[in-house]
$ cat work.cif   # mmCIF, N, CA, C and O atoms
data_target
#
loop_
_atom_site.label_atom_id
_atom_site.label_comp_id
_atom_site.auth_asym_id
_atom_site.auth_seq_id
_atom_site.Cartn_x
_atom_site.Cartn_y
_atom_site.Cartn_z
N MET A 276 47.81 94.84 120.28
CA MET A 276 48.97 94.65 121.11
C MET A 276 49.22 93.15 121.29
O MET A 276 48.32 92.39 121.52
N GLY A 277 50.47 92.78 121.20
CA GLY A 277 50.84 91.38 121.36
C GLY A 277 51.12 91.04 122.81
O GLY A 277 50.61 91.67 123.73
N LYS A 278 51.91 90.04 122.96
CA LYS A 278 52.27 89.61 124.30
C LYS A 278 53.35 90.52 124.88
O LYS A 278 54.13 91.11 124.14
N PRO A 279 53.43 90.61 126.21
CA PRO A 279 54.51 91.42 126.80
C PRO A 279 55.86 90.76 126.56
O PRO A 279 55.96 89.53 126.51
N ASP A 280 56.88 91.57 126.39
CA ASP A 280 58.21 91.03 126.11
C ASP A 280 58.90 90.67 127.42
O ASP A 280 59.49 91.52 128.09
N THR A 281 58.81 89.40 127.79
CA THR A 281 59.40 88.93 129.04
C THR A 281 60.50 87.90 128.79
O THR A 281 60.92 87.22 129.72
N ARG A 282 60.96 87.81 127.55
CA ARG A 282 61.98 86.79 127.23
C ARG A 282 63.25 86.97 128.05
O ARG A 282 63.80 85.99 128.56
N ARG A 283 63.70 88.20 128.19
CA ARG A 283 64.93 88.45 128.95
C ARG A 283 64.74 88.04 130.40
O ARG A 283 65.59 87.36 130.99
N LEU A 284 63.62 88.42 130.98
CA LEU A 284 63.34 88.07 132.37
C LEU A 284 63.17 86.55 132.54
O LEU A 284 63.65 85.97 133.51
N ASP A 285 62.49 85.92 131.58
CA ASP A 285 62.33 84.47 131.65
C ASP A 285 63.67 83.76 131.60
O ASP A 285 63.90 82.79 132.33
N ARG A 286 64.57 84.25 130.76
CA ARG A 286 65.90 83.65 130.65
C ARG A 286 66.69 83.84 131.95
O ARG A 286 67.34 82.91 132.43
N GLU A 287 66.59 85.03 132.54
CA GLU A 287 67.27 85.29 133.82
C GLU A 287 66.69 84.42 134.93
O GLU A 287 67.43 83.92 135.78
N ILE A 288 65.38 84.26 134.96
CA ILE A 288 64.73 83.41 135.97
C ILE A 288 65.20 81.98 135.83
O ILE A 288 65.53 81.31 136.82
N GLN A 289 65.25 81.49 134.58
CA GLN A 289 65.70 80.12 134.34
C GLN A 289 67.16 79.94 134.77
O GLN A 289 67.51 78.94 135.41
N GLN A 290 68.00 80.89 134.47
CA GLN A 290 69.41 80.81 134.83
C GLN A 290 69.59 80.85 136.35
O GLN A 290 70.37 80.08 136.91
N THR A 291 68.85 81.71 137.03
CA THR A 291 68.95 81.81 138.48
C THR A 291 68.43 80.54 139.14
O THR A 291 68.98 80.08 140.15
N THR A 292 67.40 79.94 138.57
CA THR A 292 66.88 78.67 139.09
C THR A 292 67.94 77.58 138.97
O THR A 292 68.14 76.78 139.90
N ARG A 293 68.63 77.54 137.83
CA ARG A 293 69.71 76.55 137.65
C ARG A 293 70.82 76.78 138.67
O ARG A 293 71.37 75.83 139.23
N LYS A 294 71.16 78.05 138.92
CA LYS A 294 72.19 78.37 139.91
C LYS A 294 71.76 77.93 141.30
O LYS A 294 72.57 77.37 142.06
N LEU A 295 70.51 78.16 141.65
CA LEU A 295 70.01 77.77 142.96
C LEU A 295 70.06 76.26 143.14
O LEU A 295 70.48 75.76 144.19
N GLU A 296 69.67 75.52 142.12
CA GLU A 296 69.74 74.06 142.19
C GLU A 296 71.19 73.60 142.35
O GLU A 296 71.47 72.66 143.09
N ALA A 297 72.10 74.26 141.66
CA ALA A 297 73.52 73.89 141.76
C ALA A 297 74.06 74.16 143.17
O ALA A 297 74.82 73.37 143.71
N VAL A 298 73.65 75.28 143.77
CA VAL A 298 74.10 75.58 145.13
C VAL A 298 73.52 74.56 146.11
O VAL A 298 74.20 74.13 147.04
N GLN A 299 72.28 74.14 145.90
CA GLN A 299 71.68 73.14 146.77
C GLN A 299 72.40 71.80 146.65
O GLN A 299 72.39 71.02 147.59
N GLN A 300 73.04 71.55 145.51
CA GLN A 300 73.83 70.33 145.33
C GLN A 300 75.30 70.56 145.66
O GLN A 300 76.13 69.71 145.38
N ARG A 301 75.60 71.72 146.24
CA ARG A 301 76.95 72.06 146.72
C ARG A 301 77.98 72.15 145.59
O ARG A 301 79.12 71.73 145.73
N GLU A 302 77.57 72.73 144.47
CA GLU A 302 78.50 72.99 143.38
C GLU A 302 79.03 74.42 143.53
O GLU A 302 78.33 75.31 143.98
N LEU A 303 80.28 74.63 143.13
CA LEU A 303 80.92 75.92 143.34
C LEU A 303 80.71 76.92 142.21
O LEU A 303 80.89 78.12 142.42
N TRP A 304 80.36 76.49 141.01
CA TRP A 304 80.35 77.40 139.87
C TRP A 304 79.39 78.58 139.99
O TRP A 304 79.69 79.66 139.49
N PRO A 305 78.23 78.47 140.67
CA PRO A 305 77.37 79.66 140.69
C PRO A 305 77.72 80.68 141.77
O PRO A 305 77.08 81.73 141.85
N LEU A 306 78.72 80.42 142.58
CA LEU A 306 79.05 81.32 143.68
C LEU A 306 79.81 82.54 143.19
O LEU A 306 80.58 82.46 142.23
N ASN A 307 79.62 83.67 143.88
CA ASN A 307 80.43 84.84 143.57
C ASN A 307 81.74 84.76 144.35
O ASN A 307 81.95 83.83 145.14
N GLY A 308 82.61 85.71 144.17
CA GLY A 308 83.95 85.67 144.75
C GLY A 308 84.00 85.53 146.26
O GLY A 308 84.65 84.63 146.78
N PRO A 309 83.33 86.42 147.00
CA PRO A 309 83.39 86.30 148.47
C PRO A 309 82.82 84.98 149.00
O PRO A 309 83.35 84.42 149.95
N GLU A 310 81.75 84.51 148.38
CA GLU A 310 81.17 83.23 148.81
C GLU A 310 82.13 82.09 148.55
O GLU A 310 82.32 81.21 149.39
N ARG A 311 82.74 82.12 147.37
CA ARG A 311 83.70 81.06 147.02
C ARG A 311 84.89 81.06 147.98
O ARG A 311 85.33 80.01 148.45
N ARG A 312 85.39 82.27 148.30
CA ARG A 312 86.52 82.36 149.23
C ARG A 312 86.14 81.86 150.61
O ARG A 312 86.92 81.17 151.27
N ALA A 313 84.95 82.19 151.08
CA ALA A 313 84.50 81.74 152.40
C ALA A 313 84.40 80.23 152.47
O ALA A 313 84.82 79.61 153.46
N ILE A 314 83.89 79.61 151.42
CA ILE A 314 83.74 78.16 151.41
C ILE A 314 85.10 77.48 151.34
O ILE A 314 85.37 76.51 152.08
N ILE A 315 85.97 77.98 150.50
CA ILE A 315 87.30 77.37 150.39
C ILE A 315 88.08 77.55 151.69
O ILE A 315 88.78 76.63 152.13
N ALA A 316 87.95 78.71 152.33
CA ALA A 316 88.64 78.93 153.60
C ALA A 316 88.11 77.99 154.69
O ALA A 316 88.90 77.43 155.47
N ALA A 317 86.80 77.80 154.72
CA ALA A 317 86.22 76.90 155.72
C ALA A 317 86.66 75.45 155.46
O ALA A 317 86.96 74.71 156.40
N MET A 318 86.73 75.07 154.19
CA MET A 318 87.18 73.72 153.86
C MET A 318 88.65 73.53 154.23
O MET A 318 89.04 72.49 154.76
N ALA A 319 89.45 74.53 153.95
CA ALA A 319 90.87 74.44 154.28
C ALA A 319 91.08 74.38 155.79
O ALA A 319 91.87 73.57 156.29
N GLY A 320 90.35 75.21 156.52
CA GLY A 320 90.46 75.19 157.98
C GLY A 320 90.01 73.87 158.57
O GLY A 320 90.63 73.34 159.50
N GLY A 321 88.93 73.33 158.02
CA GLY A 321 88.44 72.04 158.51
C GLY A 321 89.40 70.91 158.20
O GLY A 321 89.64 70.03 159.04
N SER A 322 89.99 70.92 157.00
CA SER A 322 90.92 69.84 156.65
C SER A 322 92.19 69.93 157.49
O SER A 322 92.77 68.92 157.89
N TYR A 323 92.62 71.15 157.81
CA TYR A 323 93.80 71.32 158.67
C TYR A 323 93.53 70.73 160.05
O TYR A 323 94.36 70.04 160.62
N ARG A 324 92.33 71.00 160.57
CA ARG A 324 92.00 70.48 161.90
C ARG A 324 91.84 68.96 161.89
O ARG A 324 92.17 68.30 162.88
N VAL A 325 91.36 68.41 160.78
CA VAL A 325 91.25 66.95 160.67
C VAL A 325 92.64 66.33 160.70
O VAL A 325 92.88 65.33 161.39
N VAL A 326 93.57 66.92 159.98
CA VAL A 326 94.94 66.39 159.95
C VAL A 326 95.56 66.45 161.34
O VAL A 326 96.29 65.54 161.74
N ARG A 327 95.24 67.49 162.09
CA ARG A 327 95.78 67.64 163.44
C ARG A 327 95.01 66.81 164.47
O ARG A 327 95.39 66.76 165.63
N GLY A 328 93.92 66.19 164.05
CA GLY A 328 93.15 65.36 164.97
C GLY A 328 92.26 66.14 165.91
O GLY A 328 91.97 65.69 167.01
N ARG A 329 91.83 67.32 165.50
CA ARG A 329 90.99 68.17 166.33
C ARG A 329 89.56 68.20 165.79
O ARG A 329 89.28 67.73 164.70
N SER A 330 88.69 68.83 166.55
CA SER A 330 87.28 68.93 166.18
C SER A 330 87.09 69.92 165.02
O SER A 330 87.75 70.96 164.97
N THR A 331 86.16 69.61 164.14
CA THR A 331 85.91 70.48 162.98
C THR A 331 84.58 71.21 163.09
O THR A 331 84.05 71.68 162.08
N ASP A 332 84.05 71.32 164.29
CA ASP A 332 82.72 71.93 164.47
C ASP A 332 82.65 73.35 163.92
O ASP A 332 81.71 73.70 163.20
N ARG A 333 83.62 74.17 164.24
CA ARG A 333 83.59 75.57 163.81
C ARG A 333 83.69 75.67 162.29
O ARG A 333 82.96 76.45 161.66
N ALA A 334 84.57 74.88 161.69
CA ALA A 334 84.72 74.90 160.23
C ALA A 334 83.44 74.42 159.55
O ALA A 334 83.03 74.98 158.52
N GLU A 335 82.81 73.41 160.12
CA GLU A 335 81.55 72.93 159.54
C GLU A 335 80.45 73.98 159.63
O GLU A 335 79.67 74.15 158.70
N ARG A 336 80.40 74.70 160.75
CA ARG A 336 79.42 75.79 160.89
C ARG A 336 79.67 76.89 159.88
O ARG A 336 78.74 77.43 159.27
N ARG A 337 80.94 77.27 159.72
CA ARG A 337 81.29 78.31 158.74
C ARG A 337 80.92 77.88 157.33
O ARG A 337 80.41 78.68 156.53
N LEU A 338 81.18 76.62 157.02
CA LEU A 338 80.86 76.10 155.70
C LEU A 338 79.35 76.12 155.47
O LEU A 338 78.88 76.55 154.41
N GLU A 339 78.59 75.66 156.44
CA GLU A 339 77.14 75.65 156.31
C GLU A 339 76.58 77.07 156.21
O GLU A 339 75.66 77.33 155.44
N THR A 340 77.15 77.99 156.96
CA THR A 340 76.72 79.39 156.90
C THR A 340 76.98 79.98 155.52
O THR A 340 76.15 80.71 154.97
N ALA A 341 78.13 79.67 154.95
CA ALA A 341 78.47 80.19 153.62
C ALA A 341 77.51 79.64 152.56
O ALA A 341 77.04 80.38 151.69
N TRP A 342 77.20 78.35 152.64
CA TRP A 342 76.26 77.76 151.67
C TRP A 342 74.87 78.38 151.83
O TRP A 342 74.19 78.67 150.85
N ASN A 343 74.46 78.56 153.08
CA ASN A 343 73.13 79.14 153.34
C ASN A 343 73.04 80.58 152.84
O ASN A 343 72.01 81.00 152.32
N SER A 344 74.12 81.35 153.00
CA SER A 344 74.09 82.74 152.52
C SER A 344 74.02 82.79 151.00
O SER A 344 73.33 83.64 150.43
N ALA A 345 74.72 81.88 150.34
CA ALA A 345 74.65 81.83 148.87
C ALA A 345 73.24 81.45 148.42
O ALA A 345 72.70 82.03 147.47
N GLN A 346 72.65 80.50 149.11
CA GLN A 346 71.30 80.08 148.78
C GLN A 346 70.30 81.22 149.01
O GLN A 346 69.42 81.46 148.19
N THR A 347 70.46 81.93 150.10
CA THR A 347 69.58 83.07 150.40
C THR A 347 69.70 84.15 149.34
O THR A 347 68.69 84.73 148.91
N ARG A 348 70.93 84.43 148.91
CA ARG A 348 71.15 85.45 147.88
C ARG A 348 70.43 85.06 146.58
O ARG A 348 69.74 85.88 145.96
N LEU A 349 70.56 83.80 146.18
CA LEU A 349 69.93 83.36 144.93
C LEU A 349 68.40 83.35 145.04
O LEU A 349 67.71 83.68 144.08
N ILE A 350 67.88 82.98 146.20
CA ILE A 350 66.43 82.99 146.39
C ILE A 350 65.90 84.42 146.29
O ILE A 350 64.87 84.66 145.66
N SER A 351 66.62 85.36 146.88
CA SER A 351 66.15 86.76 146.81
C SER A 351 66.26 87.30 145.38
O SER A 351 65.38 88.05 144.93
N GLU A 352 67.31 86.91 144.65
CA GLU A 352 67.41 87.32 143.24
C GLU A 352 66.25 86.75 142.44
O GLU A 352 65.65 87.44 141.61
N LEU A 353 65.94 85.49 142.67
CA LEU A 353 64.85 84.83 141.95
C LEU A 353 63.51 85.50 142.25
O LEU A 353 62.71 85.75 141.34
N THR A 354 63.29 85.83 143.50
CA THR A 354 62.05 86.51 143.90
C THR A 354 61.94 87.88 143.23
O THR A 354 60.87 88.25 142.73
N ALA A 355 63.04 88.61 143.19
CA ALA A 355 63.04 89.93 142.56
C ALA A 355 62.75 89.82 141.05
O ALA A 355 61.98 90.62 140.51
N LEU A 356 63.34 88.84 140.40
CA LEU A 356 63.10 88.65 138.97
C LEU A 356 61.65 88.27 138.70
O LEU A 356 61.03 88.76 137.74
N GLN A 357 61.09 87.39 139.52
CA GLN A 357 59.70 86.99 139.33
C GLN A 357 58.75 88.16 139.58
O GLN A 357 57.76 88.32 138.86
N THR A 358 59.07 88.98 140.56
CA THR A 358 58.25 90.16 140.84
C THR A 358 58.31 91.14 139.67
O THR A 358 57.28 91.70 139.27
N GLU A 359 59.50 91.34 139.12
CA GLU A 359 59.65 92.24 137.97
C GLU A 359 58.89 91.71 136.76
O GLU A 359 58.25 92.48 136.03
N ARG A 360 58.92 90.41 136.54
CA ARG A 360 58.19 89.81 135.42
C ARG A 360 56.69 90.03 135.61
O ARG A 360 55.98 90.40 134.67
N GLN A 361 56.20 89.80 136.81
CA GLN A 361 54.77 89.99 137.08
C GLN A 361 54.38 91.45 136.90
O GLN A 361 53.31 91.76 136.37
N ARG A 362 55.24 92.37 137.31
CA ARG A 362 54.96 93.80 137.14
C ARG A 362 54.86 94.14 135.65
O ARG A 362 53.98 94.90 135.23
N THR A 363 55.76 93.58 134.84
CA THR A 363 55.74 93.83 133.41
C THR A 363 54.46 93.30 132.77
O THR A 363 53.84 93.97 131.95
N VAL A 364 54.05 92.10 133.16
CA VAL A 364 52.82 91.51 132.61
C VAL A 364 51.61 92.34 133.03
O VAL A 364 50.72 92.62 132.21
N ASN A 365 51.57 92.76 134.30
CA ASN A 365 50.44 93.58 134.77
C ASN A 365 50.38 94.91 134.04
O ASN A 365 49.29 95.38 133.68
N LYS A 366 51.53 95.53 133.82
CA LYS A 366 51.59 96.81 133.11
C LYS A 366 51.07 96.63 131.68
O LYS A 366 50.30 97.46 131.18
N HIS A 367 51.47 95.55 131.03
CA HIS A 367 51.01 95.29 129.66
C HIS A 367 49.50 95.04 129.63
O HIS A 367 48.80 95.55 128.75
N THR A 368 49.01 94.28 130.60
CA THR A 368 47.58 93.99 130.66
C THR A 368 46.78 95.26 130.89
O THR A 368 45.73 95.47 130.27
N LYS A 369 47.26 96.13 131.77
CA LYS A 369 46.57 97.38 132.05
C LYS A 369 46.54 98.27 130.81
O LYS A 369 45.52 98.88 130.49
N ALA A 370 47.67 98.33 130.08
CA ALA A 370 47.72 99.14 128.86
C ALA A 370 46.79 98.57 127.79
O ALA A 370 46.11 99.32 127.08
N LYS A 371 46.72 97.25 127.71
CA LYS A 371 45.84 96.62 126.72
C LYS A 371 44.37 96.89 127.05
O LYS A 371 43.57 97.20 126.16
N ALA A 372 44.01 96.82 128.33
CA ALA A 372 42.63 97.10 128.74
C ALA A 372 42.28 98.56 128.49
O ALA A 372 41.16 98.88 128.07
N ALA A 373 43.23 99.46 128.76
CA ALA A 373 42.97 100.89 128.52
C ALA A 373 42.77 101.16 127.04
O ALA A 373 41.90 101.96 126.65
N LYS A 374 43.54 100.52 126.20
CA LYS A 374 43.41 100.72 124.75
C LYS A 374 42.08 100.17 124.26
O LYS A 374 41.42 100.78 123.42
N LYS A 375 41.69 99.03 124.81
CA LYS A 375 40.43 98.42 124.39
C LYS A 375 39.24 99.27 124.82
O LYS A 375 38.27 99.42 124.07
N SER A 376 39.29 99.81 126.03
CA SER A 376 38.16 100.59 126.53
C SER A 376 38.06 101.96 125.88
O SER A 376 37.01 102.60 125.92
N SER A 377 39.14 102.43 125.28
CA SER A 377 39.09 103.75 124.65
C SER A 377 38.59 103.69 123.22
O SER A 377 38.53 104.73 122.55
N GLY A 378 38.25 102.51 122.76
CA GLY A 378 37.75 102.39 121.40
C GLY A 378 36.38 103.06 121.23
O GLY A 378 35.70 103.32 122.20
N TRP A 379 35.97 103.31 120.01
CA TRP A 379 34.73 104.06 119.79
C TRP A 379 33.51 103.16 119.78
O TRP A 379 32.40 103.64 119.77
N TRP A 380 33.67 101.84 119.81
CA TRP A 380 32.47 101.01 119.85
C TRP A 380 31.94 101.05 121.24
O TRP A 380 31.68 100.25 121.95
#
$ encode --input "work.cif" --output "structure tokens"
Amino acid sequence: MGKPDTRRLDREIQQTTRKLEAVQQRELWPLNGPERRAIIAAMAGGSYRVVRGRSTDRAERRLETAWNSAQTRLISELTALQTERQRTVNKHTKAKAAKKSSGWW
């Protein structure tokens, strides 16, 4: 038996890690639709209040909440992918040990 086939999971983990880093740098491309809409709405609301000379506290909180929720979503995706990869490796190791122990020597 060779190595376990984890290429797909490794690629997904790498892609999710890149997305997480992009969200931490406040880039919009890794966001899904609702997250993107929430951030744009908070930015628009904050800029409107700046033009009117009012406080932007609520808009800043909404913006920070939207970024944090996107970051939380990506962290949970990354954790799930890493757990699945580890499960696959453990399953392969267990099958390899069972095959080795069933030999006639």
$ resolve_selection --input "work.cif" --expression "the PyMOL selection byres (((chain A and resi 315 and name CA) around 12) and name CA)" --output "JSON, numbers by chain"
{"A": [303, 306, 308, 309, 310, 311, 312, 313, 314, 316, 317, 318, 319, 320, 321, 322, 334, 335, 337, 338, 339, 341, 342]}
$ write_last_selection --input "work.cif" --atoms "N, CA, C and O atoms" --output "short mmCIF file (atom, residue, chain, number, x, y, z; two decimals), in the coordinates of the input"
data_model
loop_
_atom_site.label_atom_id
_atom_site.label_comp_id
_atom_site.auth_asym_id
_atom_site.auth_seq_id
_atom_site.Cartn_x
_atom_site.Cartn_y
_atom_site.Cartn_z
N LEU A 303 80.28 74.63 143.13
CA LEU A 303 80.92 75.92 143.34
C LEU A 303 80.71 76.92 142.21
O LEU A 303 80.89 78.12 142.42
N LEU A 306 78.72 80.42 142.58
CA LEU A 306 79.05 81.32 143.68
C LEU A 306 79.81 82.54 143.19
O LEU A 306 80.58 82.46 142.23
N GLY A 308 82.61 85.71 144.17
CA GLY A 308 83.95 85.67 144.75
C GLY A 308 84.00 85.53 146.26
O GLY A 308 84.65 84.63 146.78
N PRO A 309 83.33 86.42 147.00
CA PRO A 309 83.39 86.30 148.47
C PRO A 309 82.82 84.98 149.00
O PRO A 309 83.35 84.42 149.95
N GLU A 310 81.75 84.51 148.38
CA GLU A 310 81.17 83.23 148.81
C GLU A 310 82.13 82.09 148.55
O GLU A 310 82.32 81.21 149.39
N ARG A 311 82.74 82.12 147.37
CA ARG A 311 83.70 81.06 147.02
C ARG A 311 84.89 81.06 147.98
O ARG A 311 85.33 80.01 148.45
N ARG A 312 85.39 82.27 148.30
CA ARG A 312 86.52 82.36 149.23
C ARG A 312 86.14 81.86 150.61
O ARG A 312 86.92 81.17 151.27
N ALA A 313 84.95 82.19 151.08
CA ALA A 313 84.50 81.74 152.40
C ALA A 313 84.40 80.23 152.47
O ALA A 313 84.82 79.61 153.46
N ILE A 314 83.89 79.61 151.42
CA ILE A 314 83.74 78.16 151.41
C ILE A 314 85.10 77.48 151.34
O ILE A 314 85.37 76.51 152.08
N ALA A 316 87.95 78.71 152.33
CA ALA A 316 88.64 78.93 153.60
C ALA A 316 88.11 77.99 154.69
O ALA A 316 88.90 77.43 155.47
N ALA A 317 86.80 77.80 154.72
CA ALA A 317 86.22 76.90 155.72
C ALA A 317 86.66 75.45 155.46
O ALA A 317 86.96 74.71 156.40
N MET A 318 86.73 75.07 154.19
CA MET A 318 87.18 73.72 153.86
C MET A 318 88.65 73.53 154.23
O MET A 318 89.04 72.49 154.76
N ALA A 319 89.45 74.53 153.95
CA ALA A 319 90.87 74.44 154.28
C ALA A 319 91.08 74.38 155.79
O ALA A 319 91.87 73.57 156.29
N GLY A 320 90.35 75.21 156.52
CA GLY A 320 90.46 75.19 157.98
C GLY A 320 90.01 73.87 158.57
O GLY A 320 90.63 73.34 159.50
N GLY A 321 88.93 73.33 158.02
CA GLY A 321 88.44 72.04 158.51
C GLY A 321 89.40 70.91 158.20
O GLY A 321 89.64 70.03 159.04
N SER A 322 89.99 70.92 157.00
CA SER A 322 90.92 69.84 156.65
C SER A 322 92.19 69.93 157.49
O SER A 322 92.77 68.92 157.89
N ALA A 334 84.57 74.88 161.69
CA ALA A 334 84.72 74.90 160.23
C ALA A 334 83.44 74.42 159.55
O ALA A 334 83.03 74.98 158.52
N GLU A 335 82.81 73.41 160.12
CA GLU A 335 81.55 72.93 159.54
C GLU A 335 80.45 73.98 159.63
O GLU A 335 79.67 74.15 158.70
N ARG A 337 80.94 77.27 159.72
CA ARG A 337 81.29 78.31 158.74
C ARG A 337 80.92 77.88 157.33
O ARG A 337 80.41 78.68 156.53
N LEU A 338 81.18 76.62 157.02
CA LEU A 338 80.86 76.10 155.70
C LEU A 338 79.35 76.12 155.47
O LEU A 338 78.88 76.55 154.41
N GLU A 339 78.59 75.66 156.44
CA GLU A 339 77.14 75.65 156.31
C GLU A 339 76.58 77.07 156.21
O GLU A 339 75.66 77.33 155.44
N ALA A 341 78.13 79.67 154.95
CA ALA A 341 78.47 80.19 153.62
C ALA A 341 77.51 79.64 152.56
O ALA A 341 77.04 80.38 151.69
N TRP A 342 77.20 78.35 152.64
CA TRP A 342 76.26 77.76 151.67
C TRP A 342 74.87 78.38 151.83
O TRP A 342 74.19 78.67 150.85
#
$ resolve_selection --input "work.cif" --expression "the PyMOL selection byres (((chain A and resi 279-288 and name CA) around 10) and name CA)" --output "count of residues only"
24
$ select_by_dssp --input "work.cif" --residues "chain A" --states "alpha helix (DSSP H)" --output "PyMOL selection string"
chain A and resi 282-299+308-327+332-376
$ atom_distance --input "work.cif" --atom1 "atom C of Lys375 of chain A" --atom2 "atom N of Thr358 of chain A"
27.3 Å
$ closest_residue --input "work.cif" --among "A:Val325, A:Lys369, A:Gln346, A:Ser377" --to "Glu302 of chain A" --atoms "only C-alpha atoms"
A:Gln346
$ atom_distance --input "work.cif" --atom1 "atom N of Thr347 of chain A" --atom2 "atom CA of Val298 of chain A"
8.8 Å
$ atom_distance --input "work.cif" --atom1 "atom CA of Asp332 of chain A" --atom2 "atom CA of Ala345 of chain A"
20.2 Å
